[in-house]
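Undergrad: Hey, dropping work20.pdb in here, PDB, C-alpha atoms:
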MODEL        1
ATOM      1  CA  MET F   7     119.353  92.210 115.001
ATOM      2  CA  VAL F   8     115.750  91.928 113.998
ATOM      3  CA  PRO F   9     113.481  91.300 116.961
ATOM      4  CA  GLY F  10     111.097  88.374 116.903
ATOM      5  CA  VAL F  11     107.436  88.998 116.280
ATOM      6  CA  ASP F  12     106.441  88.345 119.880
ATOM      7  CA  ASP F  13     109.468  90.056 121.317
ATOM      8  CA  VAL F  14     107.905  93.482 121.741
ATOM      9  CA  ASP F  15     110.115  94.415 124.687
ATOM     10  CA  ALA F  16     113.225  94.087 122.564
ATOM     11  CA  PHE F  17     111.633  95.914 119.654
ATOM     12  CA  ASP F  18     114.172  98.124 117.949
ATOM     13  CA  PRO F  19     112.400 100.704 115.735
ATOM     14  CA  SER F  20     115.583 101.878 114.074
ATOM     15  CA  GLY F  21     116.821  98.424 113.063
ATOM     16  CA  SER F  22     113.339  97.250 112.094
ATOM     17  CA  LEU F  23     112.727 100.287 109.885
ATOM     18  CA  ALA F  24     116.054  99.844 108.126
ATOM     19  CA  ALA F  25     115.477  96.113 107.563
ATOM     20  CA  ALA F  26     111.851  96.557 106.474
ATOM     21  CA  GLY F  27     113.026  99.252 104.060
ATOM     22  CA  LYS F  28     115.111  96.563 102.372
ATOM     23  CA  GLY F  29     112.075  94.300 102.143
ATOM     24  CA  ASP F  30     112.528  92.219 105.310
ATOM     25  CA  GLN F  31     109.014  90.880 106.024
ATOM     26  CA  ARG F  32     109.918  89.728 109.558
ATOM     27  CA  ALA F  33     111.113  93.204 110.498
ATOM     28  CA  TRP F  34     107.957  94.701 109.000
ATOM     29  CA  ASP F  35     105.755  92.284 110.955
ATOM     30  CA  ALA F  36     107.588  93.262 114.156
ATOM     31  CA  ILE F  37     106.702  96.915 113.476
ATOM     32  CA  VAL F  38     103.056  96.076 112.750
ATOM     33  CA  THR F  39     102.850  93.926 115.887
ATOM     34  CA  ALA F  40     104.317  96.669 118.060
ATOM     35  CA  TYR F  41     101.975  99.416 116.818
ATOM     36  CA  SER F  42      98.862  97.617 115.559
ATOM     37  CA  GLY F  43      96.922  98.448 118.741
ATOM     38  CA  LEU F  44      97.981 102.083 118.626
ATOM     39  CA  VAL F  45      96.868 102.621 115.025
ATOM     40  CA  TRP F  46      93.560 100.836 115.652
ATOM     41  CA  ALA F  47      92.875 102.819 118.835
ATOM     42  CA  VAL F  48      93.438 106.114 117.009
ATOM     43  CA  ALA F  49      91.140 105.088 114.154
ATOM     44  CA  ARG F  50      88.386 103.839 116.484
ATOM     45  CA  GLY F  51      88.784 106.876 118.727
ATOM     46  CA  HIS F  52      87.418 108.977 115.883
ATOM     47  CA  ARG F  53      84.121 107.104 116.081
ATOM     48  CA  LEU F  54      84.604 105.510 112.713
ATOM     49  CA  THR F  55      82.640 102.415 111.813
ATOM     50  CA  SER F  56      84.610  99.201 111.865
ATOM     51  CA  ALA F  57      84.916  99.257 108.057
ATOM     52  CA  ASP F  58      86.113 102.866 107.994
ATOM     53  CA  ALA F  59      88.496 102.255 110.885
ATOM     54  CA  ALA F  60      89.942  99.321 108.921
ATOM     55  CA  ASP F  61      90.373 101.662 105.954
ATOM     56  CA  VAL F  62      92.239 104.227 108.091
ATOM     57  CA  TYR F  63      94.312 101.445 109.641
ATOM     58  CA  GLN F  64      95.317 100.196 106.202
ATOM     59  CA  ALA F  65      96.028 103.676 104.837
ATOM     60  CA  THR F  66      98.342 104.330 107.790
ATOM     61  CA  TRP F  67     100.410 101.212 107.120
ATOM     62  CA  LEU F  68     100.564 101.911 103.387
ATOM     63  CA  ARG F  69     101.781 105.410 104.232
ATOM     64  CA  LEU F  70     104.514 103.964 106.424
ATOM     65  CA  VAL F  71     105.606 101.592 103.635
ATOM     66  CA  GLU F  72     105.803 104.623 101.363
ATOM     67  CA  HIS F  73     108.031 106.447 103.867
ATOM     68  CA  LEU F  74     110.128 103.606 105.275
ATOM     69  CA  GLY F  75     113.250 105.200 103.912
ATOM     70  CA  ASP F  76     112.690 108.648 105.350
ATOM     71  CA  ILE F  77     111.482 108.373 108.949
ATOM     72  CA  ARG F  78     113.949 110.817 110.481
ATOM     73  CA  ASP F  79     113.584 109.823 114.105
ATOM     74  CA  PRO F  80     112.874 106.077 114.493
ATOM     75  CA  GLY F  81     112.474 106.557 118.246
ATOM     76  CA  ARG F  82     109.336 108.556 117.491
ATOM     77  CA  LEU F  83     107.840 105.998 115.097
ATOM     78  CA  GLY F  84     104.809 105.539 117.362
ATOM     79  CA  SER F  85     104.112 109.268 117.315
ATOM     80  CA  TRP F  86     104.572 109.339 113.541
ATOM     81  CA  LEU F  87     102.010 106.535 113.160
ATOM     82  CA  ALA F  88      99.615 108.202 115.620
ATOM     83  CA  THR F  89      99.795 111.488 113.702
ATOM     84  CA  THR F  90      99.367 109.736 110.360
ATOM     85  CA  ALA F  91      96.385 107.708 111.592
ATOM     86  CA  ARG F  92      94.752 110.854 113.016
ATOM     87  CA  ARG F  93      95.146 112.661 109.677
ATOM     88  CA  GLU F  94      93.788 109.694 107.725
ATOM     89  CA  ALA F  95      90.823 109.454 110.106
ATOM     90  CA  LEU F  96      90.037 113.164 109.789
ATOM     91  CA  ALA F  97      90.357 112.942 106.001
ATOM     92  CA  LEU F  98      87.904 110.069 105.891
ATOM     93  CA  LEU F  99      85.504 111.869 108.243
ATOM     94  CA  ARG F 100      85.563 114.918 105.971
ATOM     95  CA  ARG F 101      84.717 112.653 103.071
ATOM     96  CA  ARG F 102      81.905 110.983 104.980
ATOM     97  CA  ARG F 103      80.322 114.293 105.957
ATOM     98  CA  ASP F 104      77.669 114.128 103.269
ATOM     99  CA  VAL F 105      77.189 110.390 103.323
ATOM    100  CA  PRO F 106      74.706 108.848 105.749
ATOM    101  CA  MET F 107      76.449 106.697 108.324
ATOM    102  CA  ALA F 108      75.348 103.925 110.607
ATOM    103  CA  ASP F 109      74.569 105.228 114.091
ATOM    104  CA  PRO F 110      77.910 104.900 115.904
ATOM    105  CA  GLU F 111      76.051 104.400 119.188
ATOM    106  CA  LEU F 112      74.799 101.058 117.909
ATOM    107  CA  LEU F 113      78.231  99.737 117.063
ATOM    108  CA  PRO F 114      79.757  99.468 120.537
ATOM    109  CA  ALA F 115      76.723  97.553 121.791
ATOM    110  CA  VAL F 116      77.260  94.923 119.134
ATOM    111  CA  ALA F 117      80.973  94.845 119.851
ATOM    112  CA  ALA F 118      80.357  94.488 123.572
ATOM    113  CA  ASP F 119      78.183  91.449 123.028
ATOM    114  CA  ALA F 120      80.656  89.923 120.628
ATOM    115  CA  GLY F 121      83.649  90.231 122.931
ATOM    116  CA  ASP F 122      84.694  87.469 125.285
ATOM    117  CA  PRO F 123      86.110  88.347 128.674
ATOM    118  CA  VAL F 124      89.876  88.247 128.656
ATOM    119  CA  ASP F 125      90.133  87.821 132.364
ATOM    120  CA  GLY F 126      87.044  86.436 134.020
ATOM    121  CA  ASN F 127      88.391  87.094 137.498
ATOM    122  CA  LEU F 128      88.986  90.718 136.801
ATOM    123  CA  LEU F 129      85.665  91.676 135.431
ATOM    124  CA  ARG F 130      82.718  89.709 134.192
ATOM    125  CA  GLY F 131      79.068  89.671 133.378
ATOM    126  CA  GLU F 132      77.129  92.583 134.771
ATOM    127  CA  GLU F 133      80.153  94.563 135.903
ATOM    128  CA  ARG F 134      81.626  94.288 132.467
ATOM    129  CA  ARG F 135      78.444  95.392 130.788
ATOM    130  CA  ALA F 136      78.066  98.284 133.230
ATOM    131  CA  LEU F 137      81.609  99.474 132.548
ATOM    132  CA  TRP F 138      81.094  99.265 128.793
ATOM    133  CA  GLN F 139      77.817 101.194 129.013
ATOM    134  CA  ALA F 140      79.388 103.821 131.267
ATOM    135  CA  PHE F 141      82.321 104.158 128.885
ATOM    136  CA  HIS F 142      79.977 104.877 125.985
ATOM    137  CA  ARG F 143      78.143 107.545 127.949
ATOM    138  CA  LEU F 144      81.379 109.505 128.297
ATOM    139  CA  SER F 145      82.018 112.506 126.069
ATOM    140  CA  ASP F 146      83.685 111.773 122.724
ATOM    141  CA  SER F 147      86.880 113.407 123.899
ATOM    142  CA  CYS F 148      87.056 111.261 127.061
ATOM    143  CA  GLN F 149      86.349 108.056 125.111
ATOM    144  CA  ARG F 150      89.051 108.942 122.627
ATOM    145  CA  LEU F 151      91.601 109.735 125.329
ATOM    146  CA  LEU F 152      90.879 106.650 127.440
ATOM    147  CA  ARG F 153      90.997 104.366 124.383
ATOM    148  CA  LEU F 154      94.525 105.597 123.760
ATOM    149  CA  VAL F 155      95.758 105.759 127.346
ATOM    150  CA  PHE F 156      94.493 102.231 127.976
ATOM    151  CA  ALA F 157      95.371 100.726 124.600
ATOM    152  CA  ASP F 158      97.205  97.420 124.645
ATOM    153  CA  PRO F 159     100.189  97.639 124.459
ATOM    154  CA  PRO F 160     100.149 101.017 126.254
ATOM    155  CA  LEU F 161     101.001 104.191 124.381
ATOM    156  CA  THR F 162     103.555 106.697 125.596
ATOM    157  CA  TYR F 163     102.253 110.167 126.424
ATOM    158  CA  ALA F 164     104.181 111.450 123.377
ATOM    159  CA  GLU F 165     102.170 109.047 121.214
ATOM    160  CA  VAL F 166      98.876 110.035 122.829
ATOM    161  CA  SER F 167      99.824 113.667 122.266
ATOM    162  CA  ALA F 168     100.460 112.986 118.575
ATOM    163  CA  ALA F 169      97.250 110.993 118.219
ATOM    164  CA  LEU F 170      95.059 113.716 119.713
ATOM    165  CA  ASP F 171      97.071 116.785 118.790
ATOM    166  CA  ILE F 172      97.116 117.961 122.409
ATOM    167  CA  PRO F 173     100.035 118.942 124.696
ATOM    168  CA  VAL F 174     101.712 116.134 126.647
ATOM    169  CA  GLY F 175     101.158 118.099 129.883
ATOM    170  CA  SER F 176      97.374 117.984 129.516
ATOM    171  CA  ILE F 177      97.164 114.180 129.250
ATOM    172  CA  GLY F 178      97.625 113.315 132.956
ATOM    173  CA  PRO F 179      94.974 115.765 134.197
ATOM    174  CA  SER F 180      92.569 114.771 131.385
ATOM    175  CA  ARG F 181      93.076 111.091 132.187
ATOM    176  CA  ALA F 182      92.213 111.708 135.851
ATOM    177  CA  ARG F 183      89.182 113.803 134.947
ATOM    178  CA  CYS F 184      87.845 111.233 132.452
ATOM    179  CA  LEU F 185      88.323 108.364 134.914
ATOM    180  CA  ALA F 186      86.411 110.385 137.531
ATOM    181  CA  HIS F 187      83.574 110.872 135.030
ATOM    182  CA  LEU F 188      83.626 107.180 134.233
ATOM    183  CA  ARG F 189      83.477 106.250 137.903
ATOM    184  CA  ALA F 190      80.527 108.594 138.447
ATOM    185  CA  LEU F 191      78.649 106.807 135.646
ATOM    186  CA  LEU F 192      79.183 103.357 137.185
ATOM    187  CA  PRO F 193      76.623 101.799 139.520
ATOM    188  CA  ARG F 194      77.468 102.259 143.211
ATOM    189  CA  GLY F 195      79.911  99.751 144.611
ATOM    190  CA  GLN F 196      81.730  99.106 141.340
TER     191      GLN F 196
ATOM    192  CA  MET L 783      87.505 101.036 142.304
ATOM    193  CA  PRO L 784      90.842 102.884 142.405
ATOM    194  CA  ASP L 785      92.148 104.479 139.182
ATOM    195  CA  ASP L 786      94.663 101.688 138.557
ATOM    196  CA  GLU L 787      92.050  98.980 138.850
ATOM    197  CA  LEU L 788      89.547 100.884 136.724
ATOM    198  CA  GLY L 789      92.253 101.445 134.098
ATOM    199  CA  THR L 790      93.186  97.762 134.053
ATOM    200  CA  ALA L 791      89.532  96.788 133.705
ATOM    201  CA  LEU L 792      89.118  99.247 130.850
ATOM    202  CA  ARG L 793      92.238  97.977 129.083
ATOM    203  CA  SER L 794      90.981  94.414 129.260
ATOM    204  CA  LEU L 795      87.513  95.430 128.101
ATOM    205  CA  LEU L 796      88.668  97.534 125.142
ATOM    206  CA  GLY L 797      91.119  94.867 123.998
ATOM    207  CA  ALA L 798      88.463  92.143 124.118
ATOM    208  CA  ALA L 799      85.469  94.070 122.797
ATOM    209  CA  ASP L 800      87.198  95.966 120.029
ATOM    210  CA  PRO L 801      90.249  94.076 118.788
ATOM    211  CA  VAL L 802      92.001  94.775 115.498
ATOM    212  CA  PRO L 803      90.081  92.691 112.934
ATOM    213  CA  PRO L 804      92.284  89.781 111.777
ATOM    214  CA  ALA L 805      91.720  90.664 108.101
ATOM    215  CA  ALA L 806      92.985  94.214 108.701
ATOM    216  CA  ARG L 807      95.987  92.892 110.597
ATOM    217  CA  GLU L 808      96.811  90.530 107.705
ATOM    218  CA  ALA L 809      96.423  93.329 105.148
ATOM    219  CA  ALA L 810      98.849  95.434 107.213
ATOM    220  CA  SER L 811     101.367  92.612 107.046
ATOM    221  CA  ARG L 812     100.947  92.386 103.259
ATOM    222  CA  ALA L 813     101.367  96.164 102.879
ATOM    223  CA  LEU L 814     105.133  95.747 102.688
ATOM    224  CA  SER L 815     104.714  94.167  99.235
ATOM    225  CA  TRP L 816     103.767  97.640  97.951
ATOM    226  CA  ARG L 817     107.264  98.858  98.787
ATOM    227  CA  ASP L 818     108.458  99.870  95.341
ATOM    228  CA  LEU L 819     112.209 100.375  95.355
ATOM    229  CA  ASP L 820     112.418 100.504  91.568
ATOM    230  CA  ALA L 821     110.070 103.443  91.114
ATOM    231  CA  GLU L 822     110.477 107.097  91.904
ATOM    232  CA  LEU L 823     107.862 108.379  94.350
ATOM    233  CA  ALA L 824     106.180 111.396  92.772
ATOM    234  CA  THR L 825     105.257 114.374  94.926
ATOM    235  CA  LEU L 826     101.740 115.753  95.123
ATOM    236  CA  THR L 827     102.004 119.330  93.872
ATOM    237  CA  GLU L 828      98.317 120.131  93.505
ATOM    238  CA  GLY L 829      95.148 118.763  95.127
ATOM    239  CA  THR L 830      94.697 116.640  98.232
ATOM    240  CA  LEU L 831      95.398 112.967  98.902
ATOM    241  CA  ALA L 832      92.401 112.903 101.226
ATOM    242  CA  GLY L 833      89.904 112.752  98.377
ATOM    243  CA  ALA L 834      87.616 115.733  98.029
ATOM    244  CA  THR L 835      85.192 114.102  95.647
ATOM    245  CA  VAL L 836      81.681 113.190  96.656
ATOM    246  CA  ARG L 837      79.331 111.082  94.609
ATOM    247  CA  GLY L 838      77.739 113.093  91.835
ATOM    248  CA  GLY L 839      79.823 116.117  92.834
ATOM    249  CA  PRO L 840      82.416 117.851  90.716
ATOM    250  CA  SER L 841      85.604 116.007  89.848
ATOM    251  CA  HIS L 842      88.866 117.030  91.430
ATOM    252  CA  LEU L 843      92.326 117.275  90.002
ATOM    253  CA  LEU L 844      95.555 115.931  91.441
ATOM    254  CA  THR L 845      98.977 116.769  90.061
ATOM    255  CA  PHE L 846     101.982 114.557  90.831
ATOM    256  CA  THR L 847     105.460 115.658  89.918
ATOM    257  CA  ALA L 848     108.573 113.508  89.546
ATOM    258  CA  SER L 849     111.984 114.460  88.241
ATOM    259  CA  ARG L 850     111.207 113.827  84.571
ATOM    260  CA  VAL L 851     107.483 113.374  84.344
ATOM    261  CA  THR L 852     104.267 114.965  85.576
ATOM    262  CA  VAL L 853     101.020 113.035  86.015
ATOM    263  CA  ASP L 854      97.692 114.841  86.237
ATOM    264  CA  VAL L 855      94.779 112.761  87.466
ATOM    265  CA  GLU L 856      91.160 113.865  87.331
ATOM    266  CA  VAL L 857      89.024 111.899  89.791
ATOM    267  CA  SER L 858      85.251 111.730  89.536
ATOM    268  CA  VAL L 859      82.758 109.588  91.367
ATOM    269  CA  GLU L 860      79.759 108.422  89.369
ATOM    270  CA  ALA L 861      76.449 107.150  90.676
ATOM    271  CA  ASP L 862      76.098 103.426  90.302
ATOM    272  CA  ALA L 863      73.028 101.214  90.510
ATOM    273  CA  VAL L 864      74.853  98.441  92.343
ATOM    274  CA  HIS L 865      77.366 100.213  94.553
ATOM    275  CA  GLU L 866      75.866 102.766  96.900
ATOM    276  CA  ALA L 867      79.128 104.701  97.231
ATOM    277  CA  GLY L 868      79.336 105.026  93.436
ATOM    278  CA  THR L 869      82.245 104.091  91.205
ATOM    279  CA  VAL L 870      85.392 106.060  90.513
ATOM    280  CA  HIS L 871      86.482 107.238  87.096
ATOM    281  CA  LEU L 872      90.090 108.344  86.533
ATOM    282  CA  ALA L 873      91.230 110.437  83.578
ATOM    283  CA  GLY L 874      94.972 110.976  83.455
ATOM    284  CA  GLN L 875      97.511 112.951  81.497
ATOM    285  CA  VAL L 876     101.202 112.095  81.395
ATOM    286  CA  SER L 877     103.558 114.982  80.572
ATOM    287  CA  PRO L 878     105.647 115.338  78.536
ATOM    288  CA  PRO L 879     102.879 113.815  76.383
ATOM    289  CA  GLY L 880     103.547 110.385  74.965
ATOM    290  CA  PRO L 881     102.682 106.719  75.274
ATOM    291  CA  ALA L 882     103.204 105.104  78.669
ATOM    292  CA  THR L 883     102.462 101.918  80.528
ATOM    293  CA  VAL L 884     100.041 102.738  83.343
ATOM    294  CA  ALA L 885      98.787 100.727  86.302
ATOM    295  CA  VAL L 886      96.156 101.836  88.789
ATOM    296  CA  GLU L 887      96.973 100.006  92.023
ATOM    297  CA  PHE L 888      94.694  99.189  94.956
ATOM    298  CA  PRO L 889      95.639  97.609  98.273
ATOM    299  CA  ASP L 890      94.245  94.316  96.942
ATOM    300  CA  GLY L 891      95.071  94.398  93.251
ATOM    301  CA  SER L 892      95.694  96.533  90.189
ATOM    302  CA  ARG L 893      94.382  97.431  86.723
ATOM    303  CA  ASP L 894      96.721  97.873  83.763
ATOM    304  CA  THR L 895      96.198 100.278  80.900
ATOM    305  CA  ARG L 896      98.182 102.415  78.481
ATOM    306  CA  ALA L 897      98.468 106.133  77.896
ATOM    307  CA  ASP L 898      97.954 107.010  74.216
ATOM    308  CA  ASP L 899     100.325 108.984  71.980
ATOM    309  CA  ARG L 900      99.131 112.175  73.624
ATOM    310  CA  GLY L 901      99.770 110.801  77.114
ATOM    311  CA  ARG L 902      96.110 110.310  77.971
ATOM    312  CA  PHE L 903      94.632 107.395  79.885
ATOM    313  CA  THR L 904      91.325 106.552  81.536
ATOM    314  CA  VAL L 905      90.230 103.871  83.979
ATOM    315  CA  SER L 906      86.575 103.407  84.986
ATOM    316  CA  ASP L 907      84.512 101.339  87.395
ATOM    317  CA  ILE L 908      86.919 101.557  90.309
ATOM    318  CA  ARG L 909      85.597 100.957  93.806
ATOM    319  CA  PRO L 910      86.047 104.072  95.986
ATOM    320  CA  GLY L 911      88.961 103.795  98.376
ATOM    321  CA  LEU L 912      92.731 104.010  98.391
ATOM    322  CA  LEU L 913      94.650 103.859  95.150
ATOM    323  CA  ARG L 914      97.797 105.036  93.432
ATOM    324  CA  VAL L 915      98.997 105.295  89.856
ATOM    325  CA  SER L 916     102.192 103.800  88.464
ATOM    326  CA  VAL L 917     103.503 105.200  85.151
ATOM    327  CA  ARG L 918     106.333 104.007  82.928
ATOM    328  CA  PRO L 919     106.748 106.492  80.048
ATOM    329  CA  GLY L 920     107.639 105.249  76.552
ATOM    330  CA  THR L 921     109.769 102.163  76.400
ATOM    331  CA  GLY L 922     112.288 103.337  78.984
ATOM    332  CA  PRO L 923     112.950 101.634  82.300
ATOM    333  CA  ASP L 924     112.102 104.637  84.490
ATOM    334  CA  ARG L 925     108.907 104.240  86.450
ATOM    335  CA  VAL L 926     107.096 106.731  88.647
ATOM    336  CA  VAL L 927     104.539 105.917  91.332
ATOM    337  CA  THR L 928     102.193 108.393  93.039
ATOM    338  CA  PRO L 929     101.543 108.402  96.784
ATOM    339  CA  TRP L 930      98.377 106.576  97.873
ATOM    340  CA  PHE L 931      95.341 108.779  97.593
ATOM    341  CA  ARG L 932      91.664 108.382  98.367
ATOM    342  CA  ALA L 933      89.141 108.337  95.557
TER     343      ALA L 933
ENDMDL
END
Before anything else, please render the file you have as structure tokens.

TA:
Amino acid sequence: MVPGVDDVDAFDPSGSLAAAGKGDQRAWDAIVTAYSGLVWAVARGHRLTSADAADVYQATWLRLVEHLGDIRDPGRLGSWLATTARREALALLRRRRDVPMADPELLPAVAADAGDPVDGNLLRGEERRALWQAFHRLSDSCQRLLRLVFADPPLTYAEVSAALDIPVGSIGPSRARCLAHLRALLPRGQ
Amino acid sequence: MPDDELGTALRSLLGAADPVPPAAREAASRALSWRDLDAELATLTEGTLAGATVRGGPSHLLTFTASRVTVDVEVSVEADAVHEAGTVHLAGQVSPPGPATVAVEFPDGSRDTRADDRGRFTVSDIRPGLLRVSVRPGTGPDRVVTPWFRA
């Protein structure tokens, strides 16, 4: 059975891969829906501009289309996508080395202003801005890790491990350490 | 703020401030149309799919091998007055040498050309980015497509 597009809980990677391999658009869309956030978080975690992140995002999906017939372990599809997106991001970064780039520090500020609060009760106005500013003062490695750990829908530790090329056992301690750094950067009382 | 609460706040913030752009999401959905069940996927046997070429730098050579045909592609990036990133020039060689129907495909379109009697083809003025080459040698039905590579 092919899961519905919004039916992420019932998502069946094995069945969806097989159906998409035969050209089933609905099955393909279910895969994209389930892992869109993961692929985007990996691309953005490499401090790519929005345009370059979109390029990496697209390359990752094209790569999956290319390999629909030979994903050996459908249960690890998320890790496969995370690894592929990481490689595409690093490849693009290598290419960009000699090309002047927009200052990545400027990009999040624009994004922060453009975003609307999802949940006004949870976090709004000044608190929201303070959290965003604190987040962008974190080290690159902490930003990258937290983007993945708190992606929506959440990634498994196996997927985070594949995205960052780090051992699964180091994710929990790193997560705690990065959150502690983040908290220290927030104004008192938040 | 406890870790859980801070995490939830961060999840909400990241999702709202940096969502997947709708155009990218739509392109991902369309990517399935590039599934090419009728063509043999060639294997990269020389070079890198990542794209080693920089504008004005030396060209680089990619070799793709399929069961009955080899496709060599020389990629160079030329300076261009309009496009800051330059434009891509492809020079290809189909082996064994002979005429072939060739298409250079991009995520949002394609350009058709032909390889001459010696198996040579060229395509110029390509925007840098992802592309692949589809080759149908002679008049036969067999078609070969390369993996996507960056030029």

Undergrad: Report as a PyMOL selection string the residues that result from applying the PyMOL selection byres ((chain F and resi 143) around 12) to the structure here.

TA: chain F and resi 111+114-115+136-142+144-149+184+187-192

Undergrad: Given the file shown, enumerate the residues that the ChimeraX specification (/F :<10) & /L captures and present them as number ranges by chain.

TA: L: 783-803, 805-819, 823, 830-837, 867, 889, 911-913, 928-933

Undergrad: Find, counting all atoms listed in the file, the residue in L:Ser916, L:Thr921, L:Ala882, L:Ile908 that gets nearest to Thr869 in chain L.

TA: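 When distances to Thr869 in chain L are compared using all atoms listed in the file, the smallest one comes from L:Ile908.
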
Undergrad: So for range 886-891 of chain L, what box centre and size do we get, axis-aligned, 6 Å extra on each of the six sides, every listed atom, Å to one decimal, as JSON?

TA:
{"center_x": 95.6, "center_y": 98.1, "center_z": 93.5, "size_x": 14.7, "size_y": 19.5, "size_z": 21.5}

Undergrad: Distance CA of Val857 in chain L-CA of Ser841 in chain L, one decimal place?

TA: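 Between these atoms lies a distance of 5.3 Å.
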
Undergrad: Could you jot down the CA of Asp907 in chain L to CA of Ala821 in chain L separation for me, Å, one decimal place?

TA: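 These atoms are spaced 25.9 Å apart.
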
Undergrad: I'd like the interatomic distance between CA of Gly880 in chain L and CA of Asp854 in chain L, to a tenth of an Å.

TA: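 A separation of 13.5 Å between them.
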
Undergrad: Can you spell out as a list in words the set of residues that the PyMOL selection byres ((chain L and resi 893-901) around 9) selects in the structure I just provided?

TA: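 What the PyMOL selection byres ((chain L and resi 893-901) around 9) grabs from the file is Gly874, Gln875, Val876, Ser877, Pro878, Pro879, Gly880, Pro881, Ala882, Thr883, Val884, Ala885, Val886, Glu887, Phe888, Gly891, Ser892, Arg902, Phe903, Thr904, Val905, Val917 and Pro919 of chain L.
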
Undergrad: I want to know what sits within 9 Å of Thr162 in chain F, based on only C-alpha atoms, with residues of the same chain fewer than 3 positions away left out; could you give that as a ChimeraX atom specification?

TA: /F:84-85,155,165-167

Undergrad: Would you list the contacts of Ala824 in chain L as a ChimeraX atom specification, taking every protein, DNA or RNA residue within 6 Å and counting all atoms listed in the file, but skipping same-chain residues closer than 6 positions in sequence?

TA: /L:846-848,927-928
